[in-house]
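**Student:** Okay, so here is start-v7.txt, and as you'll see once you scroll down, it has compact mmCIF, C-alpha atoms.
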```txt
# COMPACT_ATOMS: atom_id res chain seq x y z
CA MET A 245 174.68 37.52 10.23
CA THR A 246 177.35 35.56 12.11
CA LEU A 247 179.81 33.15 10.47
CA ARG A 248 178.26 30.28 12.46
CA ARG A 249 174.92 30.97 10.80
CA TRP A 250 176.66 31.06 7.39
CA MET A 251 178.13 27.65 8.18
CA TRP A 252 174.69 26.18 8.88
CA ILE A 253 173.30 27.73 5.68
CA PHE A 254 176.13 26.02 3.76
CA VAL A 255 175.38 22.69 5.51
CA ALA A 256 171.67 23.05 4.64
CA ILE A 257 172.45 23.78 0.97
CA ALA A 258 174.82 20.77 0.89
CA LEU A 259 172.17 18.46 2.39
CA GLY A 260 169.58 19.84 -0.04
CA SER A 261 171.91 19.15 -2.99
CA PHE A 262 172.61 15.59 -1.78
CA ALA A 263 168.86 15.00 -1.31
CA LEU A 264 168.22 16.28 -4.85
CA ALA A 265 170.97 14.01 -6.22
CA GLY A 266 169.47 11.04 -4.31
CA ALA A 267 165.98 11.81 -5.61
CA GLY A 268 167.40 12.18 -9.10
CA ARG A 269 169.06 8.78 -8.91
CA TRP A 270 166.39 6.67 -7.22
CA LEU A 271 163.12 8.44 -8.04
CA LEU A 272 163.56 10.59 -11.15
CA GLN A 273 166.14 8.50 -13.09
CA TRP A 274 168.27 11.53 -13.94
CA PRO A 275 171.39 11.00 -16.12
CA ASP A 276 174.64 10.37 -14.20
CA GLU A 277 176.04 13.75 -15.35
CA THR A 278 173.22 15.71 -13.62
CA ILE A 279 173.45 13.60 -10.44
CA GLY A 280 177.23 14.16 -10.39
CA LEU A 281 176.69 17.90 -10.75
CA TRP A 282 174.41 18.05 -7.68
CA VAL A 283 176.75 15.82 -5.65
CA GLY A 284 179.60 18.17 -6.67
CA ILE A 285 177.61 21.25 -5.59
CA GLY A 286 176.80 19.55 -2.25
CA ALA A 287 180.42 18.54 -1.69
CA GLY A 288 181.56 22.10 -2.48
CA TYR A 289 179.20 23.63 0.08
CA LEU A 290 180.12 20.98 2.69
CA LEU A 291 183.79 21.83 2.12
CA GLY A 292 182.91 25.50 2.55
CA ALA A 293 181.17 24.72 5.87
CA GLY A 294 184.26 22.75 6.95
CA LEU A 295 186.45 25.78 6.18
CA PHE A 296 184.32 27.90 8.55
CA LEU A 297 185.14 25.41 11.33
CA LEU A 298 188.88 25.64 10.58
CA MET A 299 188.91 29.43 11.02
CA PRO A 300 190.51 30.59 14.29
CA ARG A 301 188.14 32.03 16.90
CA TRP A 302 189.66 35.56 16.74
CA TRP A 303 189.06 35.67 12.97
CA ARG A 304 185.44 34.49 13.30
CA GLN A 305 184.88 37.15 15.96
CA HIS A 306 186.45 39.83 13.75
CA CYS A 307 184.29 38.82 10.75
CA ASP A 308 181.14 38.85 12.92
CA ASP A 309 182.09 42.37 14.10
CA MET A 310 182.77 43.62 10.57
CA TYR A 311 179.62 42.18 9.01
CA ALA A 312 177.53 43.67 11.84
CA GLN A 313 178.65 47.17 10.71
CA PRO A 314 176.30 49.00 8.27
CA ALA A 315 178.89 48.79 5.44
CA GLY A 316 179.35 45.04 6.01
CA ARG A 317 175.60 44.43 6.10
CA ARG A 318 175.13 46.35 2.82
CA TYR A 319 177.98 44.36 1.23
CA ILE A 320 176.51 40.99 2.25
CA ARG A 321 173.04 42.08 1.07
CA ALA A 322 174.52 42.99 -2.33
CA LEU A 323 176.59 39.79 -2.48
CA TRP A 324 173.76 37.25 -2.16
CA PRO A 325 171.96 37.92 -5.49
CA ILE A 326 175.32 38.36 -7.24
CA MET A 327 176.59 34.94 -6.10
CA ILE A 328 173.30 33.26 -7.11
CA GLY A 329 173.58 35.04 -10.49
CA TYR A 330 177.18 33.85 -10.82
CA SER A 331 176.23 30.20 -10.10
CA LEU A 332 173.38 30.31 -12.63
CA THR A 333 175.38 32.03 -15.41
CA LEU A 334 178.34 29.67 -14.85
CA PHE A 335 176.03 26.66 -15.03
CA ALA A 336 174.28 28.01 -18.17
CA SER A 337 177.54 29.02 -19.85
CA ILE A 338 179.20 25.59 -19.35
CA TRP A 339 176.00 23.82 -20.45
CA PHE A 340 175.69 25.82 -23.70
CA ILE A 341 179.41 25.69 -24.56
CA LYS A 342 179.49 21.88 -24.00
CA ARG A 343 176.59 21.46 -26.39
CA GLY A 344 178.38 23.65 -28.95
CA VAL A 345 177.49 27.14 -30.17
CA GLU A 346 178.26 27.60 -33.87
CA SER A 347 178.34 31.39 -34.12
CA VAL A 348 181.64 32.76 -32.76
CA PRO A 349 180.27 36.11 -31.46
CA LEU A 350 177.42 34.25 -29.70
CA ARG A 351 179.87 31.67 -28.28
CA ALA A 352 182.05 34.53 -26.98
CA LEU A 353 179.01 36.15 -25.36
CA VAL A 354 177.91 32.88 -23.72
CA ALA A 355 181.47 32.12 -22.54
CA VAL A 356 181.95 35.47 -20.76
CA LEU A 357 178.48 35.50 -19.14
CA PRO A 358 179.84 34.51 -15.66
CA ALA A 359 182.22 37.49 -15.81
CA ILE A 360 179.24 39.90 -15.56
CA PRO A 361 178.24 38.93 -11.98
CA LEU A 362 181.95 38.94 -11.07
CA ALA A 363 182.20 42.54 -12.33
CA LEU A 364 179.16 43.40 -10.17
CA MET A 365 180.84 41.71 -7.19
CA MET A 366 183.95 43.83 -7.71
CA GLY A 367 181.71 46.92 -7.83
CA ALA A 368 180.11 45.88 -4.50
CA ALA A 369 183.58 45.25 -3.01
CA LEU A 370 184.73 48.74 -4.09
CA ARG A 371 181.61 50.29 -2.56
CA TYR A 372 182.35 48.37 0.68
CA LEU A 373 185.92 49.68 0.58
CA ARG A 374 184.67 53.27 0.34
CA GLU A 375 182.08 52.86 3.11
CA VAL A 376 183.96 50.76 5.68
CA ASP A 377 185.74 52.39 8.63
CA GLU A 378 189.25 53.76 8.10
CA LEU A 379 191.30 51.04 9.83
CA GLN A 380 189.50 48.31 7.93
CA ARG A 381 189.99 50.29 4.68
CA ARG A 382 193.71 50.41 5.39
CA ILE A 383 193.79 46.63 5.99
CA GLU A 384 191.73 45.95 2.87
CA THR A 385 193.78 48.18 0.55
CA GLU A 386 197.07 46.78 1.86
CA ALA A 387 195.77 43.21 1.40
CA ILE A 388 194.62 44.01 -2.16
CA GLY A 389 198.03 45.57 -2.88
CA ILE A 390 199.91 42.54 -1.54
CA ALA A 391 197.64 40.17 -3.49
CA SER A 392 198.10 42.13 -6.76
CA LEU A 393 201.88 42.27 -6.41
CA LEU A 394 202.30 38.61 -5.41
CA THR A 395 199.94 37.36 -8.14
CA SER A 396 201.79 39.43 -10.77
CA LEU A 397 205.13 38.13 -9.49
CA LEU A 398 203.96 34.50 -9.50
CA TYR A 399 202.55 34.82 -13.03
CA PHE A 400 205.69 36.58 -14.26
CA GLY A 401 207.87 33.79 -12.82
CA ALA A 402 205.56 31.09 -14.20
CA GLY A 403 205.59 32.82 -17.60
CA LEU A 404 209.39 32.75 -17.66
CA LEU A 405 209.39 29.04 -16.68
CA GLN A 406 206.85 28.28 -19.39
CA LYS A 407 208.95 30.17 -21.98
CA ALA A 408 211.98 28.11 -20.88
CA LYS A 409 209.82 25.00 -21.44
CA VAL A 410 210.20 23.86 -17.81
CA PHE A 411 206.44 23.14 -17.79
CA GLU A 412 203.44 23.87 -19.90
CA VAL A 413 200.03 25.04 -18.73
CA ASP A 414 197.06 25.69 -20.99
CA ALA A 415 196.69 29.49 -21.46
CA GLY A 416 192.92 29.41 -20.75
CA VAL A 417 193.42 27.56 -17.46
CA ALA A 418 196.24 29.93 -16.45
CA MET A 419 194.08 33.00 -17.15
CA ILE A 420 191.04 31.63 -15.29
CA TRP A 421 193.18 31.03 -12.17
CA VAL A 422 194.36 34.68 -11.93
CA PHE A 423 191.30 35.82 -9.97
CA PRO A 424 191.02 32.82 -7.56
CA LEU A 425 194.76 33.13 -6.82
CA LEU A 426 194.40 36.87 -6.22
CA ALA A 427 191.40 36.24 -3.93
CA ALA A 428 193.23 33.50 -1.97
CA ILE A 429 196.35 35.65 -1.40
CA TYR A 430 194.12 38.62 -0.48
CA GLY A 431 192.34 36.46 2.13
CA ILE A 432 195.58 35.25 3.74
CA ALA A 433 197.09 38.77 3.67
CA LYS A 434 193.92 40.23 5.24
CA MET A 435 194.05 37.69 8.08
CA ARG A 436 197.70 38.49 8.82
CA LEU A 437 197.16 42.26 8.63
CA THR A 438 194.05 42.07 10.84
CA LYS A 439 196.00 40.18 13.51
CA ARG A 440 198.54 43.03 13.57
CA TYR A 441 195.87 45.43 14.87
CA LEU A 442 194.21 43.11 17.43
CA MET B 189 201.68 58.03 19.16
CA ASN B 190 200.29 57.73 22.70
CA ASN B 191 196.75 58.71 23.62
CA ARG B 192 194.36 59.02 26.57
CA LEU B 193 191.45 57.34 24.85
CA ARG B 194 191.08 54.37 27.22
CA GLU B 195 191.27 56.64 30.29
CA LEU B 196 188.59 59.00 28.91
CA ARG B 197 186.35 56.17 27.73
CA GLU B 198 186.50 54.42 31.11
CA ALA B 199 185.78 57.72 32.87
CA GLN B 200 182.54 57.91 30.86
CA GLY B 201 181.75 54.26 31.72
CA TRP B 202 181.55 53.27 28.04
CA SER B 203 182.58 49.92 26.60
CA GLN B 204 184.75 49.79 23.47
CA GLY B 205 181.65 48.79 21.52
CA GLU B 206 179.68 51.79 22.80
CA LEU B 207 182.47 54.21 21.90
CA ALA B 208 182.78 52.56 18.47
CA GLU B 209 179.06 53.12 17.90
CA ARG B 210 179.29 56.79 18.92
CA LEU B 211 182.23 57.36 16.57
CA GLU B 212 180.76 55.19 13.77
CA VAL B 213 183.83 52.95 13.57
CA SER B 214 184.41 49.27 14.37
CA ARG B 215 185.28 47.97 17.86
CA GLN B 216 188.58 46.78 16.39
CA THR B 217 189.46 50.36 15.46
CA ILE B 218 188.86 51.53 19.05
CA ASN B 219 191.00 48.69 20.39
CA ALA B 220 193.80 49.45 17.90
CA LEU B 221 193.65 53.16 18.84
CA GLU B 222 193.75 52.45 22.59
CA THR B 223 196.68 50.06 22.28
CA GLY B 224 198.58 52.56 20.13
CA LYS B 225 198.70 50.20 17.14
CA TYR B 226 196.84 52.62 14.92
CA ASP B 227 196.90 56.41 14.62
CA PRO B 228 193.57 57.94 13.51
CA SER B 229 193.04 60.16 10.50
CA LEU B 230 192.54 63.87 11.22
CA PRO B 231 188.73 63.75 10.71
CA LEU B 232 188.46 60.83 13.19
CA ALA B 233 190.81 62.54 15.66
CA PHE B 234 188.56 65.64 15.52
CA ARG B 235 185.44 63.49 16.06
CA ILE B 236 187.08 61.85 19.11
CA ALA B 237 188.15 65.24 20.51
CA ARG B 238 184.66 66.68 20.02
CA LEU B 239 183.06 63.66 21.74
CA PHE B 240 185.26 64.10 24.82
CA HIS B 241 185.06 67.94 24.73
CA SER B 242 188.85 68.12 24.43
CA ARG B 243 191.45 69.39 22.00
CA ILE B 244 193.33 66.93 19.78
CA GLU B 245 196.65 67.82 21.40
CA ASP B 246 195.22 66.97 24.85
CA LEU B 247 194.17 63.52 23.62
CA PHE B 248 197.04 62.46 21.40
CA LEU B 249 200.65 62.79 22.48
CA PRO B 250 203.70 62.21 20.28
CA ASP B 251 206.03 59.37 21.38
CA ASP B 252 208.78 61.81 22.38
CA ALA B 253 206.47 63.96 24.53
```
As structure tokens, how would this structure be written, given the file I've shared?
**Tutor:**
Amino acid sequence: MTLRRWMWIFVAIALGSFALAGAGRWLLQWPDETIGLWVGIGAGYLLGAGLFLLMPRWWRQHCDDMYAQPAGRRYIRALWPIMIGYSLTLFASIWFIKRGVESVPLRALVAVLPAIPLALMMGAALRYLREVDELQRRIETEAIGIASLLTSLLYFGAGLLQKAKVFEVDAGVAMIWVFPLLAAIYGIAKMRLTKRYL
Amino acid sequence: MNNRLRELREAQGWSQGELAERLEVSRQTINALETGKYDPSLPLAFRIARLFHSRIEDLFLPDDA
């Protein structure tokens, strides 16, 4: 599947979410919180579609090439159900935690539910890394290495600043942002490394 | 490392994509090999040599050769 097709899928999901929010507001009299949730989901997907447009042509072409390979196709096939599972478990986890779960072990279990699909995604990514062709494996491993080192360095520096009381960030928020930061640096590093071999 | 990959591929009339398919690698890998930006692993170098009925040392030449 090409990136352009992904972009249109994102646009369709966004329009579907907005339509659902509109129906919820004017036909089904949903509470504002639920309508806001669907508008948020729609806006997120629309932003995602916008990001596809911002990608340079050479990168879109490279991604289309890579995801046309057997390893890429297997990875995308594995990713779909995992991402749907992640969205559902995240939604369920936030919903239950907001309403309050008395038992601590049960609350812990509900809170970490979204981590299970993420673990499966990492498994799929490792399988992709083993199956993909050798140049791409080199790019991927170098990008993962750069991302791990930079994220550790940033967190170490931020930890020192927090200890020196220069700023204060909630520990939970800081821990949750480790993976998105790692993924963002990995993405940028992968783009730069890919360009080196074009 | 220099190589004669482009010359041999063109002699066969194959595109980069066709060669990539025969070697089970991406088109980007073929391009990086031909432009000398990437040196293949030994197993891939052997696969390339076998495909062109050559020896590795006839395909890949060190920079100082």
**Student:** Using all atoms listed in the file, tabulate the residues of chain B lying at most 12 Å from any atom of chain A, each with its closest atom pair and that distance in Å to one decimal, by chain and increasing residue number, as CSV.
**Tutor:**
```
residue,atom,partner,partner_atom,distance
B:Gly205,CA,A:Asp309,CA,9.8
B:Ala208,CA,A:Asp377,CA,10.3
B:Glu209,CA,A:Gln313,CA,9.3
B:Leu211,CA,A:Asp377,CA,10.0
B:Glu212,CA,A:Asp377,CA,7.7
B:Val213,CA,A:Asp377,CA,5.3
B:Ser214,CA,A:Asp377,CA,6.7
B:Arg215,CA,A:Asp309,CA,7.5
B:Gln216,CA,A:Leu442,CA,6.8
B:Thr217,CA,A:Leu379,CA,6.0
B:Ile218,CA,A:Leu379,CA,9.5
B:Asn219,CA,A:Leu442,CA,7.1
B:Ala220,CA,A:Tyr441,CA,5.4
B:Leu221,CA,A:Tyr441,CA,9.0
B:Glu222,CA,A:Tyr441,CA,10.6
B:Thr223,CA,A:Tyr441,CA,8.8
B:Gly224,CA,A:Tyr441,CA,9.3
B:Lys225,CA,A:Tyr441,CA,6.0
B:Tyr226,CA,A:Tyr441,CA,7.3
B:Asp227,CA,A:Leu379,CA,9.1
B:Pro228,CA,A:Glu378,CA,8.1
B:Ser229,CA,A:Glu378,CA,7.8
B:Leu230,CA,A:Glu378,CA,11.1
B:Pro231,CA,A:Glu378,CA,10.3
B:Leu232,CA,A:Glu378,CA,8.7
B:Ala233,CA,A:Glu378,CA,11.7
```
**Student:** Taking 5 positions as the minimum chain separation for residues in the same chain, which residues sit within 12 Å of Leu297 of chain A when counting only C-alpha atoms? Answer as a VMD selection string.
**Tutor:** chain A and resid 247 to 252 254 to 255 290 to 292 303 to 304
**Student:** Between atom CA of Trp274 of chain A and atom CA of Val354 of chain A, measure the distance and give it in Å to one decimal.
**Tutor:**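 Answer for the atom CA of Trp274 of chain A to atom CA of Val354 of chain A separation: 25.4 Å.
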**Student:** Determine, counting all atoms listed in the file, every residue of protein, DNA or RNA that lies within 10 Å of (172.8, 15.9, -6.5) in the file coordinates, then give the result as a list of chain:residue names.
**Tutor:** A:Ala258, A:Leu259, A:Gly260, A:Ser261, A:Phe262, A:Ala263, A:Leu264, A:Ala265, A:Gly266, A:Ala267, A:Gly268, A:Arg269, A:Trp274, A:Asp276, A:Glu277, A:Thr278, A:Ile279, A:Gly280, A:Leu281, A:Trp282, A:Val283, A:Gly284, A:Ile285, A:Gly286, A:Ala287
**Student:** Can you tell me which residues surround Phe234 of chain B at a distance of at most 12 Å, considering all atoms listed in the file, apart from same-chain residues fewer than 3 positions away, and format the answer as a count of residues only?
**Tutor:** 17
**Student:** Quick one: distance from atom CA of Ser392 of chain A to atom CA of Thr333 of chain A in Å, one decimal?
**Tutor:**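 A separation of 26.3 Å between them.
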**Student:** To one decimal place in Å, what is the distance between atom CA of Ala293 of chain A and atom CA of Ile253 of chain A?
**Tutor:**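 Interatomic distance, atom CA of Ala293 of chain A to atom CA of Ile253 of chain A: 8.4 Å.
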**Student:** Could you pull the residues within 7 Å of segment 384-390 of chain A, counting only C-alpha atoms, minus those fewer than 6 positions along the same chain, as a PyMOL selection string?
**Tutor:** chain A and resi 430+433-434
**Student:** Keeping only C-alpha atoms, take the residues you just selected and write them out as a PDB file, in the coordinates of the input.
**Tutor:**
```pdb
ATOM      1  CA  TYR A 430     194.120  38.620  -0.480  1.00  0.00           C
ATOM      2  CA  ALA A 433     197.090  38.770   3.670  1.00  0.00           C
ATOM      3  CA  LYS A 434     193.920  40.230   5.240  1.00  0.00           C
TER       4      LYS A 434
END
```
**Student:** So, with only C-alpha atoms as the atoms that count, which of A:Ile257, A:Ala359, A:Ala315, A:Leu397 lies closest to Glu375 of chain A?
**Tutor:**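 Of the candidates, the smallest distance to Glu375 of chain A is held by A:Ala315.
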**Student:** A:Ala408, A:Leu373, A:Ile360, A:Phe423: which is nearest Ser331 of chain A, counting all atoms listed in the file?
**Tutor:** A:Ile360
**Student:** Name the closest residue to Tyr319 of chain A among the candidates A:Leu362, A:Ala368, A:Ile341, A:Leu271; distances are taken between atoms, counting all atoms listed in the file.
**Tutor:**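 Nearest candidate to Tyr319 of chain A out of A:Leu362, A:Ala368, A:Ile341, A:Leu271: A:Ala368.
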**Student:** Between A:Lys439, A:Arg351, A:Arg317, A:Arg374, which one has atoms that come closest to Gln305 of chain A, using only C-alpha atoms?
**Tutor:**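 The shortest atom-to-atom distance to Gln305 of chain A comes from A:Lys439.
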**Student:** Can you report as JSON the centre and edge lengths in Å, to one decimal, of an axis-aligned box around the listed atoms of segment 323-326 of chain A padded with 5 Å on each side?
**Tutor:**
```
{"center_x": 174.3, "center_y": 38.5, "center_z": -4.7, "size_x": 14.6, "size_y": 12.5, "size_z": 15.1}
```
**Student:** Which residue is closest to Arg210 of chain B? Choose from B:Glu198, B:Arg235, B:Asn191, B:Asp252 and count all atoms listed in the file.
**Tutor:**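 Residue with the minimum atom-to-atom distance to Arg210 of chain B: B:Arg235.
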